[in-house]
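Beneath this line is the structure, given in C-alpha cells, with notes to follow.
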Amino acid sequence: MATGSDVDPQHDLLRGVALAVQGLSLVNEAACWSLSDAQARAALSEVTRLQAVVRAAYLKLLAESANRDVPRRRGCTATGADGATTDDADDVTGGGLVPAVAETCAWLADQHRLSAARVRSDLRAARVLDPVGGDLASLGRELTAGRITPEHAGIGVRALAQIPVKTRLELRDRIDTTLTGNARDFAPPAMEILARHLLDTIEPDRARHFDALADQRREVYVATDSTGMLIIRGQLEPAGGAGFKGMLDHLSAPHRGPADTYGNGGGGTGQTEITVNDLRTPGQRRHDALIEMVRLASGNLGAGVRAGEPARVVVHTDTYQLAAITAGDGTAFGRPDEDPQEPNGSCELPGALPPAATLAPGSATCEQTGPISHATLGRLACDAIIDRILLDPNGTVLQMQTLGRLFTAAQRRALGARDGGCAFPGCDRPPSWCDAHHIIFWSNGGPTTVANGVLLCGPHHTTIHLGHWAIVMRDGLPWFVPPAHLDPGRTPLRNTLREAIARTRKHGQQLALRLQRGGVPPPDTS
C-alpha cells in the first residue's frame with residue numbers, strides 16, 4: 001500500500017481535503033466574538049453538519065484503502081485499483097477480516113495512534129454504509145449529505161449487525177428505509193429505542209436466541225474492599241430487574257435545587273431565575289438512590305404499609321402573589337381585588353388592601369429555602385395541594401378550604417400511557433422522571449384531569465412555566481407552540497416518539513410476515 005512516495009498533490013480529492021483543513025483552521029483561528037447571535041448559530045449549525053460529512057469522507061477513504069489491500073488470487077471477484085476483482089473484499093461486511101485487509105487497519109492505527117479494534121469497527125461500518133452498494137446505502141447517503149449525525153449511523157450499523165444474515169439479505173432495502181427514516185426524524189437516543197423495537201418485531205425470538213438461560217444467571221455479588229467500601233455487582237432477572245430499574249430511576253432523578261434571582265440575592269424582582277443544579281454524578285445519584293431504597297424498605301419491615309409520606313415542600317403565599325403568576329385573573333383563588341379578610345370578599349374594613357394592580361405582591365416564602373421568586377412559586381403551585389386560609393386583621397383563622405390536589409396515581413398512569421414520558425418535542429425522559437403538569441394552570445381554574453394534564457420532565461416543566469412555550473390540546477393530544485424567536489410562525493410541534501414506536505413495530509411485523517411467506521409481500525389491508 002502506497003503511503004506517500006507516489007502521492008499527487010494536484011489530485012482533486014487531495015486539493016479538496018487541503019481546502020477543508022484550511023477552512024477549518026480559519027474557523028479555529030477566527031475571533032468569534034465579532035459574530036452576531038444569528039451568525040454564531042448559523043456557523044455552529046454548519047460545523048455540526050460538517051462532522052457528519054467528515055465522518056463519511058473518512059469511511060469512504062478507509063474502505064477504498066482496504067479494498068486495495070485485498071490480495072488478487074485466482075477465482076476472486078472484487079474490484080481493485082486496476083479493475084481486478086476479489087470476493088475477499090466483502091469479508092469485512094460479514095464481520096471477518098482477510099489477512100491483507102488488516103494492513104490498512106494496522107497502518108492507520110500506527111500513524112494516528114488509534115485503537116486497532118476501533119479502526120476495524122470503522123471499516124465494517126464503511127462497508128455497511130457504502131452509499132452505492134452497502135446494506136445501509138440510504139443511511140450512508142444521509143450521512144454523506146450531513147443530514148444525520150455519526151451517532152445515527154453507528155446505531156444503524158449496530159442494529160443491522162444483530163439481524164441474522166438470511167433476514168438481512170431478504171429485507172435489506174426495507175430495513176435501510178426504516179432506519180433512515182428514523183434517523184432523519186429523531187435524535188440518537190430515540191432512534192436507539194426505535195431500532196430495538198424494529199429488531200424485536202422482525203426477530204421476536206431474538207432474546208432467546210442469544211440467551212436462553214438468562215434467568216439461571218441471576219446473582220448479586222457483595223464484597224468489602226480495603227477501605228471499607230462495598231463492591232456490588234451482579235445480574236437481575238428481567239422482570240424483577242425492571243422493577244428495580246424503575247425505582248432506581250425514580251429515586252436517582254436529579255434534585256431541583258433552591259432557586260435564586262440573579263443580581264439581587266433572591267429578592268424576587270422578576271429578573272431571570274437561576275436554579276442550582278444537582279452536582280452529583282449519575283453514579284453518585286444511583287448510589288444515593290440505592291441507600292434511600294434500603295431506608296424505605298427498613299421502615300416497611302413487618303408493617304405492610306408505606307414507610308411514610310414523601311418529602312413535602314411548604315410555601316406560604318397570598319392571593320396577590322398567586323394572581324401574579326397566572327395568565328388570567330386568578331379565579332382559582334378568588335379575585336385578587338376582593339378583600340381576603342372575609343370569606344365572601346365583600347366586607348370593607350379599615351385598612352383593606354387596594355386592588356392587586358396597584359400592589360407589588362412581593363415574594364412567597366418556602367419553609368425549606370426561604371423567599372422564592374414568582375417563577376418558582378408558579379412551578380411549585382402547578383402540582384401542589386393548596387389550602388386557602390382566610391385570616392382576620394388580628395391573624396385569627398376565619399376559614400380554611402382545600403382548593404387543589406395532585407394528580408392521582410391512576411391519572412399519572414393514564415398520562416404515562418398517552419405521553420410515554422416527557423411530551424416535550426425531542427425529549428425521551430421516561431414517565432418516572434416526569435411531573436404531571438396542568439396545561440391550563442390550576443391557579444387559572446384548570447381542572448386536575450387527564451385531558452388537562454401532560455407529563456413533563458423537570459427541565460421542560462420549568463421551561464413551560466417560564467412562559468415562552470405554550471401547550472394546546474388537539475384531538476386529546478398535547479402540542480407545543482415554540483416562542484417567536486425560535487419559530488416566527490409559531491408552528492405547533494409534538495413529540496412523535498410513541499407514534500414512531502408503534503409505526504416501527506407495525507413495519508417490523510410486516511417485514512416478519514414477508515419473511516415467513518418467503519419474500520411474498522403481505523396483502524394490502526389498507
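Letters for chains follow the order of the C-alpha cells (A, B, ...), residue numbers begin at 1 for each chain, and ligand numbers begin at 1 in the order shown.
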List the spatial neighbours of Thr504 in chain A as a CSV table (one decimal) with all heavy atoms, in the first residue's frame - criterion: any atom at most 7 Å away, only C-alpha atoms, same-chain residues fewer than 6 positions off excluded.
chain,number,residue,atom,x,y,z
A,194,LEU,N,-36.2,3.0,18.8
A,194,LEU,CA,-36.9,2.6,17.6
A,194,LEU,C,-36.2,1.4,17.0
A,194,LEU,O,-36.8,0.4,16.5
A,194,LEU,CB,-37.1,3.7,16.6
A,194,LEU,CG,-37.9,4.9,17.1
A,194,LEU,CD1,-37.8,6.0,16.1
A,194,LEU,CD2,-39.4,4.5,17.2
A,197,HIS,N,-37.1,-1.7,18.9
A,197,HIS,CA,-38.4,-2.2,18.5
A,197,HIS,C,-38.5,-2.8,17.2
A,197,HIS,O,-39.2,-3.9,17.0
A,197,HIS,CB,-39.4,-1.0,18.5
A,197,HIS,CG,-39.8,-0.5,19.9
A,197,HIS,ND1,-40.7,-1.2,20.7
A,197,HIS,CD2,-39.5,0.6,20.6
A,197,HIS,CE1,-40.8,-0.6,21.8
A,197,HIS,NE2,-40.1,0.5,21.8
A,198,LEU,N,-37.7,-2.3,16.2
A,198,LEU,CA,-37.6,-2.9,14.9
A,198,LEU,C,-37.0,-4.3,15.0
A,198,LEU,O,-37.6,-5.3,14.4
A,198,LEU,CB,-36.8,-2.1,14.0
A,198,LEU,CG,-36.6,-2.6,12.5
A,198,LEU,CD1,-38.0,-2.7,11.8
A,198,LEU,CD2,-35.7,-1.7,11.8
Contacts of range 158-169 of chain A at 8 Å (only C-alpha atoms; same-chain gap of 3+ positions) as a PyMOL selection string: chain A and resi 154-155+172+175+195-196+199+203+515
Store the residues of this selection in a file with N, CA, C and O atoms, as a PDB file, in the first residue's frame.
ATOM      1  N   GLY A 154     -23.976   5.050  13.461  1.00  0.00           N
ATOM      2  CA  GLY A 154     -23.490   3.968  14.315  1.00  0.00           C
ATOM      3  C   GLY A 154     -24.608   3.101  14.861  1.00  0.00           C
ATOM      4  O   GLY A 154     -24.481   1.873  14.946  1.00  0.00           O
ATOM      5  N   ILE A 155     -25.730   3.729  15.228  1.00  0.00           N
ATOM      6  CA  ILE A 155     -26.878   2.962  15.722  1.00  0.00           C
ATOM      7  C   ILE A 155     -27.400   2.040  14.630  1.00  0.00           C
ATOM      8  O   ILE A 155     -27.732   0.876  14.876  1.00  0.00           O
ATOM      9  N   ARG A 172     -33.198  -6.270   3.137  1.00  0.00           N
ATOM     10  CA  ARG A 172     -32.189  -5.223   3.261  1.00  0.00           C
ATOM     11  C   ARG A 172     -32.735  -3.834   2.960  1.00  0.00           C
ATOM     12  O   ARG A 172     -32.561  -2.898   3.746  1.00  0.00           O
ATOM     13  N   ILE A 175     -35.288  -2.590   5.616  1.00  0.00           N
ATOM     14  CA  ILE A 175     -34.634  -2.242   6.877  1.00  0.00           C
ATOM     15  C   ILE A 175     -33.899  -0.920   6.736  1.00  0.00           C
ATOM     16  O   ILE A 175     -33.960  -0.046   7.618  1.00  0.00           O
ATOM     17  N   ALA A 195     -34.866   1.394  16.972  1.00  0.00           N
ATOM     18  CA  ALA A 195     -34.116   0.275  16.402  1.00  0.00           C
ATOM     19  C   ALA A 195     -34.370  -1.001  17.202  1.00  0.00           C
ATOM     20  O   ALA A 195     -34.499  -2.092  16.627  1.00  0.00           O
ATOM     21  N   ARG A 196     -34.448  -0.882  18.528  1.00  0.00           N
ATOM     22  CA  ARG A 196     -34.727  -2.059  19.344  1.00  0.00           C
ATOM     23  C   ARG A 196     -36.117  -2.599  19.050  1.00  0.00           C
ATOM     24  O   ARG A 196     -36.331  -3.817  18.989  1.00  0.00           O
ATOM     25  N   LEU A 199     -35.958  -4.478  15.760  1.00  0.00           N
ATOM     26  CA  LEU A 199     -35.318  -5.789  15.919  1.00  0.00           C
ATOM     27  C   LEU A 199     -36.262  -6.775  16.600  1.00  0.00           C
ATOM     28  O   LEU A 199     -36.341  -7.948  16.208  1.00  0.00           O
ATOM     29  N   GLU A 203     -37.459 -10.072  14.569  1.00  0.00           N
ATOM     30  CA  GLU A 203     -36.989 -11.324  15.167  1.00  0.00           C
ATOM     31  C   GLU A 203     -37.522 -11.431  16.595  1.00  0.00           C
ATOM     32  O   GLU A 203     -36.807 -11.154  17.559  1.00  0.00           O
ATOM     33  N   LEU A 515     -41.116 -12.211   5.506  1.00  0.00           N
ATOM     34  CA  LEU A 515     -40.072 -13.215   5.598  1.00  0.00           C
ATOM     35  C   LEU A 515     -40.673 -14.616   5.728  1.00  0.00           C
ATOM     36  O   LEU A 515     -40.212 -15.571   5.111  1.00  0.00           O
TER      37      LEU A 515
END
Contacts of range 243-252 of chain A within 9 Å, only C-alpha atoms, excl. fewer than 5 positions in-chain, as a compact mmCIF listing (two decimals) with C-alpha atoms, in the first residue's frame:
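Output file part_14.txt is given in full below:
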# COMPACT_ATOMS: atom_id res chain seq x y z
CA LEU A 236 -31.02 -9.28 37.82
CA PRO A 238 -35.66 -9.24 33.59
CA PRO A 282 -25.07 9.87 37.72
CA GLN A 284 -23.39 9.11 42.85
CA ARG A 285 -27.11 9.70 42.35
CA ARG A 286 -27.69 5.98 41.80
CA HIS A 287 -25.68 5.22 44.95
CA ASP A 288 -27.78 7.64 46.99
CA ALA A 289 -30.95 6.19 45.50
CA LEU A 290 -29.92 2.67 46.50
CA GLU A 292 -32.71 5.52 50.07
CA MET A 293 -34.33 2.29 48.86
CA PRO A 430 -39.32 8.14 30.96
CA PRO A 431 -42.53 8.68 32.99
CA SER A 432 -40.72 8.01 36.29
CA TRP A 433 -38.67 11.19 35.72
Taking into account only C-alpha atoms, which residue in the set A:Glu46, A:Asp37, A:Asp173, A:Asp225 is nearest to Gly146 in chain A? A:Glu46
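Atom pair CA of Ile193 in chain A / CA of Ala417 in chain A has a distance of 16.6 Å (rounded to one decimal).
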Any idea what's packed within 10 Å of Leu129 in chain A, counting only C-alpha atoms, ignoring anything in its chain fewer than 4 positions away? Could you give it as an MDAnalysis selection string? chainID A and resid 56 59:60 123:125 133:144 153:154 156:157 176
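Contact shell of Val222 in chain A at 8 Å (only C-alpha atoms; same-chain neighbours under 6 positions omitted): A:Leu230, A:Ile231, A:Ile232, A:Arg233.
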Using the selection just defined, write its residues with C-alpha atoms as a compact mmCIF listing (two decimals), in the first residue's frame.
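Contents of again01.txt, as written:
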# COMPACT_ATOMS: atom_id res chain seq x y z
CA LEU A 230 -18.78 -2.14 49.49
CA ILE A 231 -18.33 -3.50 45.96
CA ILE A 232 -21.59 -4.60 44.36
CA ARG A 233 -22.06 -6.26 41.00
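Interatomic distance, CA of Ser115 in chain A to CA of Asp130 in chain A: 22.3 Å.
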Could you list, as a PyMOL selection string, every residue within 6 Å of Phe480 in chain A, counting only C-alpha atoms and ignoring same-chain residues fewer than 4 positions away? chain A and resi 470-471+492-493
Expected file: the selected residues, N, CA and C atoms, as an mmCIF file, in the first residue's frame:
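Produced file part_31.cif, reproduced below:
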data_model
loop_
_atom_site.group_PDB
_atom_site.id
_atom_site.type_symbol
_atom_site.label_atom_id
_atom_site.label_comp_id
_atom_site.auth_asym_id
_atom_site.auth_seq_id
_atom_site.Cartn_x
_atom_site.Cartn_y
_atom_site.Cartn_z
ATOM 1 N N ALA A 470 -45.902 27.457 24.815
ATOM 2 C CA ALA A 470 -47.299 27.247 25.199
ATOM 3 C C ALA A 470 -47.715 25.832 24.803
ATOM 4 N N ILE A 471 -48.742 25.311 25.483
ATOM 5 C CA ILE A 471 -49.266 23.974 25.185
ATOM 6 C C ILE A 471 -50.731 24.104 24.804
ATOM 7 N N PRO A 492 -47.096 24.704 15.881
ATOM 8 C CA PRO A 492 -47.159 23.725 16.980
ATOM 9 C C PRO A 492 -46.380 22.452 16.637
ATOM 10 N N LEU A 493 -45.724 21.883 17.655
ATOM 11 C CA LEU A 493 -44.909 20.687 17.499
ATOM 12 C C LEU A 493 -45.387 19.615 18.464
#
